[in-house]
Amino acid sequence: MAIGLRYAARSDVGLVRSDNQDSGYAGPHLLVVADGMGGHAGGDIASATVITELVELDHDSLGASEASAQLGKAIRRANREIARIAEERKELSGMGTTTTALMRARNKLILAHIGDSRAYLLRDGTVTQITTDHSFVQTLIDEGRITEEEASTHPQRSVVTRVLTGDEDDDPDVGAREARLGDRYLLCSDGLSGFVARDTIAEQLSSGRTPAETADDLVALALRAGAPDNVTVIVADVVDSADGTPPSTQPQVVGSASMRSSSTRAIPTTPAEKAAALVRPETPEPDLELAEEGSTRRGRWLRRVAALGVVALVLSAILYGAWAWTQQQYYIAGQDGRVTIYRGIASDLGPIPLSSAVEQTDVMLSDLPDFYRSSIEESVSVDSERDAQKKVDDLRVAAKRCAELRIEGEPCGR
């Protein structure tokens, strides 16, 4: 019996971040989730690089042993590419990414894993985590120093011990398993597993809903739980290729990989970087020493005054351009205890304010989860007013859920 995969991939930026550093790929023979790290400067590039290097393996011409070797080689190749990019662009130094991949080779599945993204298997009604986190808290669990329940609230639960950073020792764990008809697999970033309880994940995987419906439900649950991080999930069912519902054939790319390739030129993303790009001169500063041999002192003075006037005009134009750019930016912060949308950037230029309130919403800061409220109080940048409205809608959902939990006597955001 020939098997296939029926799958769905979804990714959401989350409730706090302004960009998506996760990448995901789902194809007939390959499933990959990569969670980038390194801030605005590099996490998205690192995760997209993995997808770019692995996508060529999405074909059915390999046996299990050859597929295992090829998957390991592709990940090492992606790791070398991360090193090359970081070497060429010093601002990307320190970027890295987790990688969790399933490659189908006939009736076998090759699993490669490094980092704290996860893979789960639903088989015969039981959900099992089939990857082991490469993280600090997992080390403590393995040593018997803390329990899994304690790990879920440990202050260093986000510290990973192995990821792809470009170092030659960054090798993934690679193994093979049998694909059985009726199995359901979930690959996810820690934006899901870090905020939605395992039994809740198991309940959703066992719901009998389609992969697309289940993926949508899992992302929605993460957002309702107040997840501030990017959330990426892939749900895939092992199906009979000859039955009435055929396997999926169209690849799906989500997250950062859907918006850029690893070779895409990075653009400035923070207010400081963008302002610096605007005011950086593209031509040499006018030479103030214009006097030639034999010129009179008065002539030299007039030329210098003229040169200074030109410089003043150029600087004025640059400053106006920088100010105009700030008025195209948006961020979310608190005002009088309410979530408020601002136009501009969250700073002042001496006595000159660089932002103004656009809308004070009905979402109260006091109704939000603690970690999310603190993020809003520090301000959260967004790409546009439309994105700001979307963030506020998500906040409203989180606030409502918090209120329900408090009525039930439950801590908010758990």
# chains A, B, ... in the order shown; residues from 1 in each chain; ligands from 1
>>> residues_around(residues="region 4-11 of chain A", least_positions_apart="6", cutoff="10 Å", atoms="only C-alpha atoms", output="mmCIF file with N, CA, C and O atoms, in the first residue's frame")
data_model
loop_
_atom_site.group_PDB
_atom_site.id
_atom_site.type_symbol
_atom_site.label_atom_id
_atom_site.label_comp_id
_atom_site.auth_asym_id
_atom_site.auth_seq_id
_atom_site.Cartn_x
_atom_site.Cartn_y
_atom_site.Cartn_z
ATOM 1 N N ASN A 20 8.099 38.010 12.133
ATOM 2 C CA ASN A 20 8.039 36.562 12.295
ATOM 3 C C ASN A 20 9.402 35.968 11.985
ATOM 4 O O ASN A 20 9.869 36.025 10.844
ATOM 5 N N ASP A 22 9.995 32.727 12.707
ATOM 6 C CA ASP A 22 9.756 31.321 12.400
ATOM 7 C C ASP A 22 9.661 31.134 10.889
ATOM 8 O O ASP A 22 9.274 32.042 10.153
ATOM 9 N N SER A 23 9.977 29.928 10.427
ATOM 10 C CA SER A 23 9.726 29.521 9.045
ATOM 11 C C SER A 23 9.186 28.099 9.052
ATOM 12 O O SER A 23 9.573 27.288 9.905
ATOM 13 N N GLY A 24 8.305 27.811 8.105
ATOM 14 C CA GLY A 24 7.766 26.462 8.001
ATOM 15 C C GLY A 24 7.576 26.064 6.552
ATOM 16 O O GLY A 24 7.294 26.903 5.693
ATOM 17 N N TYR A 25 7.746 24.765 6.291
ATOM 18 C CA TYR A 25 7.520 24.225 4.947
ATOM 19 C C TYR A 25 6.820 22.882 5.079
ATOM 20 O O TYR A 25 7.235 22.016 5.866
ATOM 21 N N ALA A 26 5.761 22.691 4.290
ATOM 22 C CA ALA A 26 5.063 21.410 4.243
ATOM 23 C C ALA A 26 4.880 21.023 2.786
ATOM 24 O O ALA A 26 4.270 21.767 2.006
ATOM 25 N N GLY A 27 5.446 19.864 2.407
ATOM 26 C CA GLY A 27 5.319 19.355 1.049
ATOM 27 C C GLY A 27 5.020 17.872 1.077
ATOM 28 O O GLY A 27 4.991 17.239 2.144
ATOM 29 N N PRO A 28 4.793 17.268 -0.072
ATOM 30 C CA PRO A 28 4.409 15.850 -0.119
ATOM 31 C C PRO A 28 5.396 14.901 0.549
ATOM 32 O O PRO A 28 5.010 13.829 1.027
ATOM 33 N N HIS A 29 6.682 15.293 0.589
ATOM 34 C CA HIS A 29 7.709 14.404 1.149
ATOM 35 C C HIS A 29 8.543 15.051 2.242
ATOM 36 O O HIS A 29 9.482 14.415 2.729
ATOM 37 N N LEU A 30 8.219 16.287 2.618
ATOM 38 C CA LEU A 30 9.065 16.996 3.581
ATOM 39 C C LEU A 30 8.251 17.964 4.424
ATOM 40 O O LEU A 30 7.460 18.746 3.894
ATOM 41 N N LEU A 31 8.458 17.912 5.754
ATOM 42 C CA LEU A 31 7.852 18.849 6.701
ATOM 43 C C LEU A 31 8.980 19.456 7.521
ATOM 44 O O LEU A 31 9.811 18.722 8.062
ATOM 45 N N VAL A 32 9.009 20.782 7.645
ATOM 46 C CA VAL A 32 10.087 21.447 8.394
ATOM 47 C C VAL A 32 9.527 22.623 9.180
ATOM 48 O O VAL A 32 8.764 23.434 8.635
ATOM 49 N N VAL A 33 9.926 22.741 10.453
ATOM 50 C CA VAL A 33 9.682 23.937 11.260
ATOM 51 C C VAL A 33 11.035 24.430 11.757
ATOM 52 O O VAL A 33 11.829 23.650 12.290
ATOM 53 N N ARG A 104 9.742 12.036 4.226
ATOM 54 C CA ARG A 104 9.141 10.744 3.889
ATOM 55 C C ARG A 104 9.951 10.061 2.801
ATOM 56 O O ARG A 104 10.234 10.654 1.760
ATOM 57 N N ARG A 106 9.363 6.641 0.977
ATOM 58 C CA ARG A 106 8.425 5.528 0.807
ATOM 59 C C ARG A 106 7.602 5.371 2.091
ATOM 60 O O ARG A 106 6.879 6.284 2.457
ATOM 61 N N ASN A 107 7.728 4.240 2.807
ATOM 62 C CA ASN A 107 6.914 4.045 4.014
ATOM 63 C C ASN A 107 7.689 4.322 5.297
ATOM 64 O O ASN A 107 7.297 3.887 6.383
ATOM 65 N N ALA A 179 6.138 4.818 9.094
ATOM 66 C CA ALA A 179 4.909 5.591 8.917
ATOM 67 C C ALA A 179 3.736 4.624 8.814
ATOM 68 O O ALA A 179 3.717 3.748 7.953
ATOM 69 N N LEU A 181 -0.501 4.021 8.537
ATOM 70 C CA LEU A 181 -1.757 4.616 8.113
ATOM 71 C C LEU A 181 -2.560 5.055 9.334
ATOM 72 O O LEU A 181 -2.707 4.291 10.299
ATOM 73 N N ASP A 183 -1.665 7.574 11.331
ATOM 74 C CA ASP A 183 -0.833 8.408 12.208
ATOM 75 C C ASP A 183 -1.073 9.892 11.913
ATOM 76 O O ASP A 183 -1.345 10.275 10.775
ATOM 77 N N ARG A 184 -0.946 10.706 12.936
ATOM 78 C CA ARG A 184 -0.993 12.163 12.775
ATOM 79 C C ARG A 184 0.238 12.760 13.439
ATOM 80 O O ARG A 184 0.537 12.446 14.603
ATOM 81 N N TYR A 185 0.949 13.610 12.710
ATOM 82 C CA TYR A 185 2.153 14.258 13.232
ATOM 83 C C TYR A 185 1.917 15.758 13.400
ATOM 84 O O TYR A 185 1.208 16.389 12.618
ATOM 85 N N LEU A 186 2.526 16.307 14.447
ATOM 86 C CA LEU A 186 2.529 17.750 14.673
ATOM 87 C C LEU A 186 3.971 18.208 14.831
ATOM 88 O O LEU A 186 4.708 17.679 15.658
ATOM 89 N N LEU A 187 4.375 19.180 14.037
ATOM 90 C CA LEU A 187 5.643 19.879 14.217
ATOM 91 C C LEU A 187 5.304 21.305 14.632
ATOM 92 O O LEU A 187 4.410 21.926 14.045
ATOM 93 N N CYS A 188 5.998 21.829 15.644
ATOM 94 C CA CYS A 188 5.642 23.167 16.123
ATOM 95 C C CYS A 188 6.841 23.877 16.740
ATOM 96 O O CYS A 188 7.780 23.242 17.225
ATOM 97 N N SER A 189 6.812 25.196 16.704
ATOM 98 C CA SER A 189 7.786 26.006 17.427
ATOM 99 C C SER A 189 7.334 26.144 18.868
ATOM 100 O O SER A 189 6.198 25.789 19.225
ATOM 101 N N GLY A 191 6.440 28.619 20.382
ATOM 102 C CA GLY A 191 5.323 29.543 20.538
ATOM 103 C C GLY A 191 4.028 28.815 20.834
ATOM 104 O O GLY A 191 3.111 29.386 21.446
ATOM 105 N N THR A 210 -9.855 18.157 10.387
ATOM 106 C CA THR A 210 -8.861 18.063 9.319
ATOM 107 C C THR A 210 -7.539 18.696 9.771
ATOM 108 O O THR A 210 -7.514 19.475 10.728
ATOM 109 N N PRO A 211 -6.436 18.386 9.072
ATOM 110 C CA PRO A 211 -5.174 19.048 9.419
ATOM 111 C C PRO A 211 -5.276 20.569 9.390
ATOM 112 O O PRO A 211 -4.727 21.240 10.269
ATOM 113 N N ALA A 212 -5.962 21.126 8.394
ATOM 114 C CA ALA A 212 -6.084 22.584 8.310
ATOM 115 C C ALA A 212 -6.869 23.144 9.490
ATOM 116 O O ALA A 212 -6.473 24.148 10.097
ATOM 117 N N GLU A 213 -7.976 22.496 9.834
ATOM 118 C CA GLU A 213 -8.786 22.962 10.961
ATOM 119 C C GLU A 213 -8.017 22.832 12.275
ATOM 120 O O GLU A 213 -8.065 23.723 13.128
ATOM 121 N N THR A 214 -7.292 21.724 12.424
ATOM 122 C CA THR A 214 -6.529 21.511 13.652
ATOM 123 C C THR A 214 -5.392 22.520 13.774
ATOM 124 O O THR A 214 -5.142 23.059 14.858
ATOM 125 N N ALA A 215 -4.708 22.797 12.673
ATOM 126 C CA ALA A 215 -3.631 23.790 12.710
ATOM 127 C C ALA A 215 -4.172 25.165 13.089
ATOM 128 O O ALA A 215 -3.578 25.877 13.912
ATOM 129 N N ASP A 216 -5.306 25.544 12.510
ATOM 130 C CA ASP A 216 -5.929 26.831 12.856
ATOM 131 C C ASP A 216 -6.296 26.873 14.339
ATOM 132 O O ASP A 216 -6.087 27.885 15.019
ATOM 133 N N LEU A 218 -4.984 25.192 16.851
ATOM 134 C CA LEU A 218 -3.800 25.241 17.718
ATOM 135 C C LEU A 218 -3.207 26.641 17.774
ATOM 136 O O LEU A 218 -2.828 27.129 18.844
ATOM 137 N N VAL A 219 -3.135 27.312 16.631
ATOM 138 C CA VAL A 219 -2.618 28.687 16.624
ATOM 139 C C VAL A 219 -3.537 29.594 17.437
ATOM 140 O O VAL A 219 -3.072 30.425 18.230
ATOM 141 N N ASN A 230 6.349 34.082 18.221
ATOM 142 C CA ASN A 230 5.821 33.555 16.969
ATOM 143 C C ASN A 230 5.303 32.140 17.186
ATOM 144 O O ASN A 230 5.870 31.374 17.978
ATOM 145 N N VAL A 231 4.236 31.783 16.482
ATOM 146 C CA VAL A 231 3.624 30.462 16.616
ATOM 147 C C VAL A 231 3.570 29.818 15.233
ATOM 148 O O VAL A 231 2.946 30.370 14.318
ATOM 149 N N THR A 232 4.228 28.668 15.075
ATOM 150 C CA THR A 232 4.217 27.958 13.796
ATOM 151 C C THR A 232 3.886 26.494 14.033
ATOM 152 O O THR A 232 4.471 25.860 14.922
ATOM 153 N N VAL A 233 2.932 25.966 13.259
ATOM 154 C CA VAL A 233 2.525 24.565 13.411
ATOM 155 C C VAL A 233 2.359 23.929 12.034
ATOM 156 O O VAL A 233 1.953 24.590 11.074
ATOM 157 N N ILE A 234 2.680 22.641 11.962
ATOM 158 C CA ILE A 234 2.374 21.819 10.796
ATOM 159 C C ILE A 234 1.687 20.558 11.304
ATOM 160 O O ILE A 234 2.214 19.869 12.183
ATOM 161 N N VAL A 235 0.509 20.281 10.784
ATOM 162 C CA VAL A 235 -0.227 19.065 11.124
ATOM 163 C C VAL A 235 -0.298 18.207 9.870
ATOM 164 O O VAL A 235 -0.686 18.700 8.793
ATOM 165 N N ALA A 236 0.091 16.930 9.985
ATOM 166 C CA ALA A 236 0.131 16.050 8.805
ATOM 167 C C ALA A 236 -0.414 14.678 9.162
ATOM 168 O O ALA A 236 -0.011 14.090 10.172
ATOM 169 N N ASP A 237 -1.322 14.161 8.338
ATOM 170 C CA ASP A 237 -1.884 12.825 8.499
ATOM 171 C C ASP A 237 -1.261 11.871 7.490
ATOM 172 O O ASP A 237 -1.045 12.241 6.324
ATOM 173 N N VAL A 238 -0.968 10.653 7.927
ATOM 174 C CA VAL A 238 -0.502 9.608 7.022
ATOM 175 C C VAL A 238 -1.732 8.928 6.430
ATOM 176 O O VAL A 238 -2.561 8.373 7.165
ATOM 177 N N VAL A 239 -1.884 8.993 5.103
ATOM 178 C CA VAL A 239 -3.094 8.504 4.442
ATOM 179 C C VAL A 239 -2.731 7.530 3.335
ATOM 180 O O VAL A 239 -1.576 7.471 2.874
ATOM 181 N N ASP A 240 -3.727 6.761 2.905
ATOM 182 C CA ASP A 240 -3.584 5.859 1.773
ATOM 183 C C ASP A 240 -3.681 6.681 0.493
ATOM 184 O O ASP A 240 -4.681 7.364 0.259
ATOM 185 N N SER A 241 -2.664 6.628 -0.331
ATOM 186 C CA SER A 241 -2.644 7.435 -1.550
ATOM 187 C C SER A 241 -3.768 7.087 -2.503
ATOM 188 O O SER A 241 -4.106 7.884 -3.389
ATOM 189 N N ALA A 242 -4.361 5.894 -2.350
ATOM 190 C CA ALA A 242 -5.385 5.457 -3.291
ATOM 191 C C ALA A 242 -6.801 5.594 -2.746
ATOM 192 O O ALA A 242 -7.752 5.197 -3.419
ATOM 193 N N THR A 245 -9.896 10.331 -0.344
ATOM 194 C CA THR A 245 -9.344 11.664 -0.074
ATOM 195 C C THR A 245 -7.845 11.610 -0.315
ATOM 196 O O THR A 245 -7.096 11.107 0.524
ATOM 197 N N PRO A 246 -7.382 12.108 -1.442
ATOM 198 C CA PRO A 246 -5.961 11.971 -1.800
ATOM 199 C C PRO A 246 -5.072 12.804 -0.892
ATOM 200 O O PRO A 246 -5.530 13.747 -0.245
ATOM 201 N N PRO A 247 -3.777 12.480 -0.846
ATOM 202 C CA PRO A 247 -2.832 13.270 -0.055
ATOM 203 C C PRO A 247 -2.637 14.653 -0.666
ATOM 204 O O PRO A 247 -2.991 14.911 -1.815
ATOM 205 N N SER A 248 -2.059 15.550 0.125
ATOM 206 C CA SER A 248 -1.760 16.895 -0.360
ATOM 207 C C SER A 248 -0.633 16.834 -1.380
ATOM 208 O O SER A 248 0.268 15.993 -1.293
ATOM 209 N N THR A 249 -0.671 17.736 -2.342
ATOM 210 C CA THR A 249 0.373 17.793 -3.360
ATOM 211 C C THR A 249 0.992 19.184 -3.494
ATOM 212 O O THR A 249 2.090 19.320 -4.013
ATOM 213 N N GLN A 250 0.303 20.215 -3.019
ATOM 214 C CA GLN A 250 0.782 21.593 -3.165
ATOM 215 C C GLN A 250 1.609 21.995 -1.952
ATOM 216 O O GLN A 250 1.101 22.004 -0.833
ATOM 217 N N PRO A 251 2.886 22.342 -2.125
ATOM 218 C CA PRO A 251 3.704 22.769 -0.976
ATOM 219 C C PRO A 251 3.150 24.036 -0.330
ATOM 220 O O PRO A 251 2.558 24.891 -1.007
ATOM 221 N N GLN A 252 3.340 24.159 0.969
ATOM 222 C CA GLN A 252 2.919 25.343 1.714
ATOM 223 C C GLN A 252 4.146 25.906 2.438
ATOM 224 O O GLN A 252 4.843 25.174 3.139
ATOM 225 N N VAL A 253 4.403 27.203 2.256
ATOM 226 C CA VAL A 253 5.522 27.882 2.906
ATOM 227 C C VAL A 253 4.948 28.981 3.780
ATOM 228 O O VAL A 253 4.129 29.785 3.327
ATOM 229 N N VAL A 254 5.347 29.024 5.055
ATOM 230 C CA VAL A 254 4.802 29.997 5.993
ATOM 231 C C VAL A 254 5.927 30.686 6.761
ATOM 232 O O VAL A 254 7.066 30.228 6.779
ATOM 233 N N GLY A 255 5.582 31.796 7.409
ATOM 234 C CA GLY A 255 6.541 32.511 8.231
ATOM 235 C C GLY A 255 7.544 33.295 7.389
ATOM 236 O O GLY A 255 7.261 33.721 6.272
ATOM 237 N N SER A 256 8.729 33.469 7.939
ATOM 238 C CA SER A 256 9.752 34.279 7.280
ATOM 239 C C SER A 256 10.121 33.738 5.907
ATOM 240 O O SER A 256 10.379 34.508 4.982
#
>>> residues_around(residues="Thr131 (chain A)", least_positions_apart="2", cutoff="6 Å", atoms="only C-alpha atoms", output="CSV table (one decimal) with N, CA, C and O atoms, in the first residue's frame")
chain,number,residue,atom,x,y,z
A,118,ARG,N,9.4,21.2,18.4
A,118,ARG,CA,9.0,19.8,18.8
A,118,ARG,C,8.3,19.1,17.7
A,118,ARG,O,7.7,19.7,16.8
A,119,ALA,N,8.3,17.8,17.8
A,119,ALA,CA,7.5,16.9,16.9
A,119,ALA,C,6.7,16.0,17.9
A,119,ALA,O,7.2,15.4,18.8
A,129,GLN,N,5.5,12.8,22.5
A,129,GLN,CA,6.5,13.7,22.0
A,129,GLN,C,7.7,12.9,21.5
A,129,GLN,O,8.3,12.1,22.3
>>> closest_residue(among="A:Gly115, A:Asp170, A:Thr200, A:Glu66", to="Val127 (chain A)", atoms="only C-alpha atoms")
A:Thr200
>>> atom_distance(atom1="CA of Gly226 (chain A)", atom2="CA of Arg162 (chain A)")
26.5 Å
>>> atom_distance(atom1="CA of Ala64 (chain A)", atom2="CA of Arg76 (chain A)")
18.5 Å
>>> closest_residue(among="A:Gln389, A:Gln204, A:Ser384, A:Gln21", to="Gly38 (chain A)", atoms="only C-alpha atoms")
A:Gln21
>>> residues_around(residues="Val358 (chain A)", least_positions_apart="5", cutoff="7 Å", atoms="only C-alpha atoms", output="PDB file with all heavy atoms, in the first residue's frame")
ATOM      1  N   ILE A 341      -2.877  53.138  20.456  1.00  0.00           N
ATOM      2  CA  ILE A 341      -2.122  53.100  19.204  1.00  0.00           C
ATOM      3  C   ILE A 341      -1.500  54.474  18.959  1.00  0.00           C
ATOM      4  O   ILE A 341      -2.188  55.498  19.040  1.00  0.00           O
ATOM      5  CB  ILE A 341      -3.030  52.721  18.021  1.00  0.00           C
ATOM      6  CG1 ILE A 341      -3.633  51.321  18.236  1.00  0.00           C
ATOM      7  CG2 ILE A 341      -2.245  52.762  16.705  1.00  0.00           C
ATOM      8  CD1 ILE A 341      -4.661  50.942  17.189  1.00  0.00           C
ATOM      9  N   TYR A 342      -0.201  54.494  18.682  1.00  0.00           N
ATOM     10  CA  TYR A 342       0.519  55.735  18.426  1.00  0.00           C
ATOM     11  C   TYR A 342       1.082  55.752  17.008  1.00  0.00           C
ATOM     12  O   TYR A 342       1.474  54.709  16.471  1.00  0.00           O
ATOM     13  CB  TYR A 342       1.696  55.887  19.398  1.00  0.00           C
ATOM     14  CG  TYR A 342       1.310  56.218  20.819  1.00  0.00           C
ATOM     15  CD1 TYR A 342       0.942  55.215  21.710  1.00  0.00           C
ATOM     16  CD2 TYR A 342       1.321  57.532  21.269  1.00  0.00           C
ATOM     17  CE1 TYR A 342       0.595  55.517  23.018  1.00  0.00           C
ATOM     18  CE2 TYR A 342       0.985  57.841  22.573  1.00  0.00           C
ATOM     19  CZ  TYR A 342       0.620  56.831  23.447  1.00  0.00           C
ATOM     20  OH  TYR A 342       0.274  57.141  24.735  1.00  0.00           O
ATOM     21  N   ARG A 343       1.139  56.946  16.422  1.00  0.00           N
ATOM     22  CA  ARG A 343       1.870  57.152  15.184  1.00  0.00           C
ATOM     23  C   ARG A 343       3.210  57.798  15.534  1.00  0.00           C
ATOM     24  O   ARG A 343       3.263  58.745  16.307  1.00  0.00           O
ATOM     25  CB  ARG A 343       1.112  58.067  14.227  1.00  0.00           C
ATOM     26  CG  ARG A 343       1.905  58.367  12.936  1.00  0.00           C
ATOM     27  CD  ARG A 343       1.233  59.410  12.066  1.00  0.00           C
ATOM     28  NE  ARG A 343       0.034  58.891  11.439  1.00  0.00           N
ATOM     29  CZ  ARG A 343      -1.202  59.266  11.734  1.00  0.00           C
ATOM     30  NH1 ARG A 343      -1.396  60.201  12.682  1.00  0.00           N
ATOM     31  NH2 ARG A 343      -2.228  58.744  11.125  1.00  0.00           N
TER      32      ARG A 343
END
>>> atom_distance(atom1="CA of Ala86 (chain A)", atom2="CA of Leu71 (chain A)")
22.8 Å
>>> decode(residues="region 89-98 of chain A", atoms="all heavy atoms", output="JSON list (two decimals), in the first residue's frame")
[["chain", "number", "residue", "atom", "x", "y", "z"],
["A", 89, "ARG", "N", 28.20, 39.47, 6.80],
["A", 89, "ARG", "CA", 27.41, 40.58, 7.35],
["A", 89, "ARG", "C", 27.52, 40.53, 8.88],
["A", 89, "ARG", "O", 26.81, 39.79, 9.54],
["A", 89, "ARG", "CB", 25.96, 40.47, 6.89],
["A", 89, "ARG", "CG", 25.81, 40.56, 5.38],
["A", 89, "ARG", "CD", 24.45, 40.16, 4.90],
["A", 89, "ARG", "NE", 23.39, 40.92, 5.53],
["A", 89, "ARG", "CZ", 22.09, 40.70, 5.33],
["A", 89, "ARG", "NH1", 21.71, 39.73, 4.52],
["A", 89, "ARG", "NH2", 21.18, 41.43, 5.93],
["A", 90, "LYS", "N", 28.43, 41.32, 9.40],
["A", 90, "LYS", "CA", 28.78, 41.25, 10.81],
["A", 90, "LYS", "C", 27.58, 41.55, 11.72],
["A", 90, "LYS", "O", 27.54, 41.10, 12.86],
["A", 90, "LYS", "CB", 29.92, 42.22, 11.12],
["A", 90, "LYS", "CG", 31.21, 41.92, 10.37],
["A", 90, "LYS", "CD", 31.70, 40.51, 10.64],
["A", 90, "LYS", "CE", 33.02, 40.23, 9.92],
["A", 90, "LYS", "NZ", 33.48, 38.84, 10.13],
["A", 91, "GLU", "N", 26.61, 42.32, 11.20],
["A", 91, "GLU", "CA", 25.44, 42.64, 12.04],
["A", 91, "GLU", "C", 24.58, 41.41, 12.32],
["A", 91, "GLU", "O", 23.73, 41.42, 13.21],
["A", 91, "GLU", "CB", 24.59, 43.73, 11.38],
["A", 91, "GLU", "CG", 23.77, 43.30, 10.18],
["A", 91, "GLU", "CD", 24.55, 43.36, 8.87],
["A", 91, "GLU", "OE1", 25.79, 43.46, 8.93],
["A", 91, "GLU", "OE2", 23.90, 43.28, 7.80],
["A", 92, "LEU", "N", 24.81, 40.32, 11.57],
["A", 92, "LEU", "CA", 24.05, 39.09, 11.77],
["A", 92, "LEU", "C", 24.78, 38.10, 12.67],
["A", 92, "LEU", "O", 24.30, 36.99, 12.86],
["A", 92, "LEU", "CB", 23.75, 38.44, 10.41],
["A", 92, "LEU", "CG", 22.96, 39.29, 9.41],
["A", 92, "LEU", "CD1", 22.70, 38.50, 8.14],
["A", 92, "LEU", "CD2", 21.65, 39.75, 10.02],
["A", 93, "SER", "N", 25.91, 38.48, 13.20],
["A", 93, "SER", "CA", 26.67, 37.58, 14.07],
["A", 93, "SER", "C", 25.80, 37.17, 15.26],
["A", 93, "SER", "O", 25.17, 38.00, 15.91],
["A", 93, "SER", "CB", 27.93, 38.28, 14.57],
["A", 93, "SER", "OG", 28.64, 37.47, 15.47],
["A", 94, "GLY", "N", 25.77, 35.89, 15.55],
["A", 94, "GLY", "CA", 24.98, 35.38, 16.67],
["A", 94, "GLY", "C", 23.63, 34.85, 16.27],
["A", 94, "GLY", "O", 22.90, 34.30, 17.11],
["A", 95, "MET", "N", 23.26, 34.96, 15.01],
["A", 95, "MET", "CA", 21.95, 34.44, 14.61],
["A", 95, "MET", "C", 21.99, 32.91, 14.59],
["A", 95, "MET", "O", 23.05, 32.29, 14.47],
["A", 95, "MET", "CB", 21.55, 34.96, 13.22],
["A", 95, "MET", "CG", 22.33, 34.38, 12.06],
["A", 95, "MET", "SD", 21.68, 34.99, 10.48],
["A", 95, "MET", "CE", 22.78, 34.17, 9.31],
["A", 96, "GLY", "N", 20.84, 32.29, 14.71],
["A", 96, "GLY", "CA", 20.75, 30.84, 14.70],
["A", 96, "GLY", "C", 19.31, 30.41, 14.53],
["A", 96, "GLY", "O", 18.40, 31.24, 14.45],
["A", 97, "THR", "N", 19.09, 29.10, 14.50],
["A", 97, "THR", "CA", 17.73, 28.60, 14.33],
["A", 97, "THR", "C", 17.63, 27.16, 14.79],
["A", 97, "THR", "O", 18.58, 26.38, 14.69],
["A", 97, "THR", "CB", 17.29, 28.69, 12.85],
["A", 97, "THR", "OG1", 15.94, 28.22, 12.73],
["A", 97, "THR", "CG2", 18.18, 27.85, 11.95],
["A", 98, "THR", "N", 16.47, 26.83, 15.34],
["A", 98, "THR", "CA", 16.15, 25.44, 15.59],
["A", 98, "THR", "C", 15.74, 24.81, 14.26],
["A", 98, "THR", "O", 15.41, 25.52, 13.31],
["A", 98, "THR", "CB", 14.98, 25.29, 16.58],
["A", 98, "THR", "OG1", 13.76, 25.72, 15.94],
["A", 98, "THR", "CG2", 15.20, 26.14, 17.82]]
